[in-house]
Amino acid sequence: MASSPYTRPSRDAALELAQASDLPRLMERAATLRDVGFGQAVSYSRKVFIPLTQLCRDVCHYCTFAQPPRPGEQAYLTLDEVVDVARRGAEQGCREALFTLGDRPELRYPQARDELAELGHATTISYLLAAARAVFEATGLLPHANPGVLTRDELLALREVCPSQGLMLESASPRLLERGQVHHGSPDKDPDARLATMRMAGELAIPYTSGILIGIGETPEERITSLLALRDLHDEYGHIQEIIIQNFRAKPDTRMAQAPEPTLDDLLWTIACARLIFGPDMAIQAPPNLSPDTFGTLIRAGINDWGGVSPVTPDHVNPEAPWPHLEQLARETEREGKVLTERLTVYPSYVRQLDTWVAEGLRTAVVQASEADGFAREGTWSPGDRDAVLPAALLDRLDDAKAPVSTPRMQTLCAQASRGDGLDESEIAELFSARGDDFVTVVRAADALRREVNGDEVTYVVNRNINYTNVCYFKCQFCAFSKGKLSENLRGAPYDLDLEEIGRRSVEAWERGATEVCMQGGIHPEYTGATYLDICRTVKAAVPDMHVHAFSPLEVWQGAATLGVSLEAFLRQLKAAGLGTLPGTAAEVLHDEVRETLCPDKLSSGQWLEVMDTAHRVGFRTTATIMYGHIDRPRHWARHLTSIRNLQARTGGFTEFVPLPFVHMEAPLYLKGQARRGPTFRESLLMHAVARLALHPLVTNIQASWVKLGPRGVRACLEAGVNDLGGTLMNESITRAAGATFGEELSPEQMEALISGAGRTPTQRSTSYGEPPAPQVARSFHAADLSPVVQTPAPGWARSSPPALVRPGLETDPVGERQ
């Protein structure tokens with residue numbers, strides 16, 4: 001969500017909140033602010049608690065976690081015990097390992113020093129480092145450590161094994177250190193020492209958790225002062241992920257066993273004040289187990305996070321307060337119009353800036369456990385994986401006959417788009433953030449719009465893919481298809497089809513009922529524009545009536561450059577040679593922030609749009625695509641859709657929009673640990689649905705890729721705005737090279753069974769959405785098996801004096817601005 005121009009209260013104004021008595025008004029203001037920053041999501045982390053040691057040198061008067069050494073009992077968990085607890089958590093779907101422990105017990109207890117020595121460590125922090133590393137390596141859980149006051153070197157060492165760390169300020173009041181107060185005799189509770197640790201964490205760019213403990217003898221003014229101290233630190237370094245408002249709970253056998261606990265109103269007042277002091281963008285958390293049966297009230301006070309909830313281990317700091325069951329927490333959250341959303345130990349805003357905030361050795365684990373918006377990845381489904389299970393809960397929610405209770409904002413955006421009024425980038429990005437009933441509303445709005453525009457007809461084209469070479473000198477980080485000395489991925493045999501084989505495949509395709517050949521390939525270093533012209537002439541000579549759908553904007557740009565002619569001149573040559581339409585591939589994501597990593601030497605966004613603009617002016621119709629789910633974010637998708645819509649408004653040349661989910665398995669960027677595992681299924685449905693809404697009424701056909709989504713995934717997309725399933729393909733090789741397992745052909749019989757099974761009407765079409773010749777339609781059913789393909793081996797193409805290679809993405813681009 002975009003933040004508002006909210007002006008946070010000054011220090012004096014914040015201190016005046018201590019006198020505020022209109023709690024309902026405070027809560028209303030706080031909840032409104034929270035909604036601006038976080039929308040519907042109320043997050044939590046599914047974690048396992050690991051009490052590394054309960055020894056502590058401090059003697060806080062309210063604490064039962066800290067225990068003295070007991071003769072004959074070990075004071076520290078062994079690494080085997082630590083890993084066993086973590087494994088049990090991982091088996092239950094936990095993603096975070098929270099290490100709880102006392103402050104520097106070796107400075108107080110000889111037993112602690114002796115036991116650490118037996119374990120091979122001089123300090124508790126050294127042993128914590130070993131334990132966190134062991135958990136990460138054995139289970140993949142992301143460690144989070146709350147080890148107390150630390151030195152700079154200790155913080156830096158922990159940064160390498162913990163994506164996030166934390167330290168509760170509790171209170172900034174030194175008065176609580178005085179005799180008779182709760183922190184007397186606890187040197188690590190000195191607020192100056194704790195704030196100094198947090199300052200160093202900020203200097204070291206460590207995502208940090210902090211907060212205050214209320215009801216331990218502090219005044220309302222001291223609470224506000226504590227929150228302001230944390231705000232000052234965050235303003236300077238930007239590293240505080242969340243502010244926890246934790247209410248004191250009286251425990252037996254402590255000095256505060258008879259002390260009064262803060263009232264619910266006291267807790268709500270503090271939460272609301274924290275929200276007002278920090279504004280819309282700071283995560284404000286209240287532990288749900290410390291205030292049972294008040295979940296809705298806490299949400300109304302302005303929280304957006306429940307903290308860590310464990311399905312395996314108790315809250316070792318508050319053992320008397322059991323965790324709520326996640327199903328109960330989800331229900332109570334939904335009653336307030338919110339959606340319980342799992343996050344990682346690193347908050348989404350920090351996940352989106354990993355290079356700044358997380359150590360290099362941990363980034364892959366965080367990236368591959370996250371979604372595009374930075375929350376925890378939902379489910380195990382990935383595009384291209386035949387064995388992946390679709391998320392049943394998500395599909396059940398879509399199938400629920402009851403009307404969704406969505407937010408007025410989401411209803412407004414969907415209505416605006418459905419009228420054809422258009423949405424700006426920020427509004428499109430909001431649609432991509434939809435969860436819960438908002439998600440259902442977006443998908444159903446897209447489906448209703450599809451029904452209005454296209455009826456129940458679902459179209460497809462009988463075609464054949466001909467990838468004429470897999471030799472390529474570009475270094476696209478998502479591509480597992482290209483081969484060659486300069487390509488990123490050298491696996492597999494390079495080939496370069498001769499013209500005779502291209503002609504043979506075209507004839508065979510026609511005999512099997514195809515009306516189109518779709519031709520693309522790698523950018524061979526010896527190809528020129530003449531090569532592409534020869535390919536077109538070959539197909540038209542072999543099958544004069546075959547429609548040639550070929551050459552991405554990159555091939556067009558490279559072809560024109562190698563011939564030394566303008567884009568327009570080369571496109572006219574292609575038209576004369578028999579080219580019918582152009583595929584809108586090579587778009588990937590039309591945002592140069594993404595392209596600089598994903599495909600740095602490829603076309604820039606502006607260059608891609610320039611080719612398409614020129615093609616439309618020459619008289620070509622083209623498709624438009626997006627390849628999403630890798631390093632991109634919803635704001636990038638919004639820019640992409642806006643760019644497509646704006647060009648379509650000028651030219652009207654796009655026949656359809658085709659979302660292509662990233663297939664990760666063999667992609668170089670994924671294998672390097674820098675990309676997500678493709679989009680989640682929710683993101684995939686949203687991409688099709690939002691495209692339908694955002695491009696209406698200018699682009700009337702939205703296509704789903706069966707080769708990437710599989711039959712079950714495609715069927716779900718047919719209820720999310722999709723009216724076209726693309727081609728039967730005959731020979732699909734690019735997606736299969738990336739690791740997809742859905743095969744290389746979906747016959748007309750299979751295609752129509754899939755469409756009819758979804759309750760829709762299957763219809764063959766031509767490339768340009770016309771009616772194909774009846775004889776070809778008849779031929780397409782019960783076609784003979786394909787003959788084995790001949791992949792002509794690539795000759796030794798590396799010349800002693802290779803031609804100058806065209807790399808448009810690295811050129812100064814006067815037309816397409818870097819966006």
# chains A, B, ... in the order shown; residues from 1 in each chain; ligands from 1

$ select_by_dssp --residues "segment 167-211 of chain A" --states "alpha helix (DSSP H)" --output "PyMOL selection string"
chain A and resi 191-203

$ residues_around --residues "Ala86 of chain A" --least-positions-apart "3" --cutoff "8 Å" --atoms "only C-alpha atoms" --output "list in words"
Val48, Ile50, Val82, Val83, Gly89, Ala90, Ala97, Val135, Thr139 and Leu141 of chain A

$ residues_around --residues "Leu579 of chain A" --least-positions-apart "2" --cutoff "6 Å" --atoms "only C-alpha atoms" --output "PyMOL selection string"
chain A and resi 548+574-575

$ closest_residue --among "A:Asn463, A:Tyr468, A:Trp510, A:Leu228" --to "Thr531 of chain A" --atoms "only C-alpha atoms"
A:Tyr468

$ residues_around --residues "Ile755 of chain A" --least-positions-apart "2" --cutoff "12 Å" --atoms "only C-alpha atoms" --output "VMD selection string"
chain A and resid 456 to 460 706 711 to 712 714 to 719 722 to 725 746 748 to 753 757 to 764

$ residues_around --residues "Leu101 of chain A" --least-positions-apart "2" --cutoff "9 Å" --atoms "only C-alpha atoms" --output "PDB file with N, CA and C atoms, in the first residue's frame"
ATOM      1  N   ILE A  50      13.342 -21.776  20.392  1.00  0.00           N
ATOM      2  CA  ILE A  50      14.456 -22.618  20.843  1.00  0.00           C
ATOM      3  C   ILE A  50      15.108 -21.943  22.048  1.00  0.00           C
ATOM      4  N   PRO A  51      14.831 -22.436  23.273  1.00  0.00           N
ATOM      5  CA  PRO A  51      15.434 -21.831  24.480  1.00  0.00           C
ATOM      6  C   PRO A  51      16.861 -22.347  24.663  1.00  0.00           C
ATOM      7  N   LEU A  52      17.807 -21.694  24.040  1.00  0.00           N
ATOM      8  CA  LEU A  52      19.185 -22.178  24.044  1.00  0.00           C
ATOM      9  C   LEU A  52      19.715 -22.343  25.466  1.00  0.00           C
ATOM     10  N   THR A  53      19.412 -21.365  26.303  1.00  0.00           N
ATOM     11  CA  THR A  53      19.727 -21.466  27.732  1.00  0.00           C
ATOM     12  C   THR A  53      18.788 -20.560  28.495  1.00  0.00           C
ATOM     13  N   GLN A  54      18.435 -20.978  29.706  1.00  0.00           N
ATOM     14  CA  GLN A  54      17.595 -20.136  30.558  1.00  0.00           C
ATOM     15  C   GLN A  54      18.409 -19.480  31.670  1.00  0.00           C
ATOM     16  N   LEU A  55      19.706 -19.637  31.616  1.00  0.00           N
ATOM     17  CA  LEU A  55      20.571 -18.894  32.541  1.00  0.00           C
ATOM     18  C   LEU A  55      20.648 -17.447  32.097  1.00  0.00           C
ATOM     19  N   CYS A  56      20.723 -16.543  33.061  1.00  0.00           N
ATOM     20  CA  CYS A  56      20.803 -15.117  32.739  1.00  0.00           C
ATOM     21  C   CYS A  56      21.475 -14.403  33.902  1.00  0.00           C
ATOM     22  N   PHE A  65      11.429 -16.818  32.949  1.00  0.00           N
ATOM     23  CA  PHE A  65      12.259 -17.533  31.967  1.00  0.00           C
ATOM     24  C   PHE A  65      13.652 -17.802  32.556  1.00  0.00           C
ATOM     25  N   ALA A  66      14.237 -16.780  33.153  1.00  0.00           N
ATOM     26  CA  ALA A  66      15.580 -16.943  33.697  1.00  0.00           C
ATOM     27  C   ALA A  66      15.544 -17.838  34.933  1.00  0.00           C
ATOM     28  N   PHE A  99      15.546 -17.901  18.628  1.00  0.00           N
ATOM     29  CA  PHE A  99      16.410 -18.285  19.740  1.00  0.00           C
ATOM     30  C   PHE A  99      16.139 -17.355  20.922  1.00  0.00           C
ATOM     31  N   ASP A 103      20.837 -13.174  29.178  1.00  0.00           N
ATOM     32  CA  ASP A 103      21.960 -12.290  28.865  1.00  0.00           C
ATOM     33  C   ASP A 103      23.238 -12.769  29.556  1.00  0.00           C
ATOM     34  N   ARG A 104      24.237 -13.086  28.800  1.00  0.00           N
ATOM     35  CA  ARG A 104      25.611 -13.350  29.228  1.00  0.00           C
ATOM     36  C   ARG A 104      25.699 -14.080  30.580  1.00  0.00           C
ATOM     37  N   THR A 124      28.394 -17.311  25.456  1.00  0.00           N
ATOM     38  CA  THR A 124      27.069 -17.745  25.004  1.00  0.00           C
ATOM     39  C   THR A 124      26.808 -17.289  23.570  1.00  0.00           C
ATOM     40  N   ALA A 145      17.498 -14.016  16.371  1.00  0.00           N
ATOM     41  CA  ALA A 145      18.121 -14.071  17.697  1.00  0.00           C
ATOM     42  C   ALA A 145      17.773 -12.838  18.510  1.00  0.00           C
ATOM     43  N   ASN A 146      17.451 -13.076  19.779  1.00  0.00           N
ATOM     44  CA  ASN A 146      17.211 -12.005  20.765  1.00  0.00           C
ATOM     45  C   ASN A 146      18.179 -12.189  21.937  1.00  0.00           C
ATOM     46  N   PRO A 147      19.480 -11.962  21.728  1.00  0.00           N
ATOM     47  CA  PRO A 147      20.446 -12.337  22.766  1.00  0.00           C
ATOM     48  C   PRO A 147      20.816 -11.230  23.740  1.00  0.00           C
ATOM     49  N   GLY A 148      20.143 -10.075  23.666  1.00  0.00           N
ATOM     50  CA  GLY A 148      20.433  -9.017  24.626  1.00  0.00           C
ATOM     51  C   GLY A 148      21.429  -8.000  24.104  1.00  0.00           C
TER      52      GLY A 148
END

$ residues_around --residues "Tyr527 of chain A" --least-positions-apart "6" --cutoff "10 Å" --atoms "only C-alpha atoms" --output "short mmCIF file (atom, residue, chain, number, x, y, z; two decimals) with N, CA and C atoms, in the first residue's frame"
data_model
loop_
_atom_site.label_atom_id
_atom_site.label_comp_id
_atom_site.auth_asym_id
_atom_site.auth_seq_id
_atom_site.Cartn_x
_atom_site.Cartn_y
_atom_site.Cartn_z
N CYS A 472 22.79 -18.72 -28.96
CA CYS A 472 22.44 -17.33 -28.64
C CYS A 472 23.60 -16.67 -27.92
N GLU A 555 14.67 -9.94 -32.19
CA GLU A 555 15.12 -10.42 -33.49
C GLU A 555 14.92 -9.36 -34.56
N GLN A 558 17.69 -6.74 -34.01
CA GLN A 558 18.98 -7.26 -34.43
C GLN A 558 19.04 -7.42 -35.95
N GLY A 559 17.93 -7.87 -36.55
CA GLY A 559 17.90 -8.03 -38.00
C GLY A 559 18.07 -6.71 -38.72
N THR A 562 21.74 -5.43 -38.28
CA THR A 562 22.76 -6.14 -39.08
C THR A 562 22.67 -5.81 -40.56
N PRO A 803 31.54 -11.12 -36.17
CA PRO A 803 30.90 -9.85 -36.47
C PRO A 803 30.64 -9.06 -35.19
#

$ residues_around --residues "Pro404 of chain A" --least-positions-apart "5" --cutoff "9 Å" --atoms "only C-alpha atoms" --output "NGL selection string"
:A and (436-438 or 440-441)

$ write_last_selection --atoms "N, CA, C and O atoms" --output "PDB file, in the first residue's frame"
ATOM      1  N   GLY A 436      -7.542 -12.611   0.401  1.00  0.00           N
ATOM      2  CA  GLY A 436      -8.827 -12.876   1.037  1.00  0.00           C
ATOM      3  C   GLY A 436      -9.994 -12.536   0.132  1.00  0.00           C
ATOM      4  O   GLY A 436      -9.998 -12.841  -1.063  1.00  0.00           O
ATOM      5  N   ASP A 437     -10.997 -11.882   0.681  1.00  0.00           N
ATOM      6  CA  ASP A 437     -12.176 -11.546  -0.105  1.00  0.00           C
ATOM      7  C   ASP A 437     -11.869 -10.512  -1.174  1.00  0.00           C
ATOM      8  O   ASP A 437     -12.561 -10.457  -2.204  1.00  0.00           O
ATOM      9  N   ASP A 438     -10.880  -9.672  -0.972  1.00  0.00           N
ATOM     10  CA  ASP A 438     -10.469  -8.754  -2.035  1.00  0.00           C
ATOM     11  C   ASP A 438      -9.959  -9.531  -3.245  1.00  0.00           C
ATOM     12  O   ASP A 438     -10.224  -9.165  -4.399  1.00  0.00           O
ATOM     13  N   VAL A 440     -10.875 -12.578  -4.107  1.00  0.00           N
ATOM     14  CA  VAL A 440     -12.058 -13.154  -4.749  1.00  0.00           C
ATOM     15  C   VAL A 440     -12.766 -12.102  -5.589  1.00  0.00           C
ATOM     16  O   VAL A 440     -13.210 -12.371  -6.719  1.00  0.00           O
ATOM     17  N   THR A 441     -12.865 -10.900  -5.074  1.00  0.00           N
ATOM     18  CA  THR A 441     -13.541  -9.822  -5.794  1.00  0.00           C
ATOM     19  C   THR A 441     -12.838  -9.498  -7.104  1.00  0.00           C
ATOM     20  O   THR A 441     -13.486  -9.317  -8.146  1.00  0.00           O
TER      21      THR A 441
END

$ select_by_dssp --residues "segment 375-483 of chain A" --states "strand (DSSP E or B)" --output "JSON, numbers by chain"
{"A": [376, 457, 458, 459, 460, 461, 463, 464, 465, 466, 467, 469, 471, 483]}

$ closest_residue --among "A:Ala117, A:Ala794, A:Val556, A:Ala196" --to "Glu526 of chain A" --atoms "only C-alpha atoms"
A:Ala794

$ closest_residue --among "A:Cys94, A:Met168, A:Ile245, A:Ala509" --to "Ala369 of chain A" --atoms "only C-alpha atoms"
A:Cys94

$ closest_residue --among "A:Leu129, A:Val471, A:Val707, A:Leu533" --to "Pro793 of chain A" --atoms "only C-alpha atoms"
A:Val471
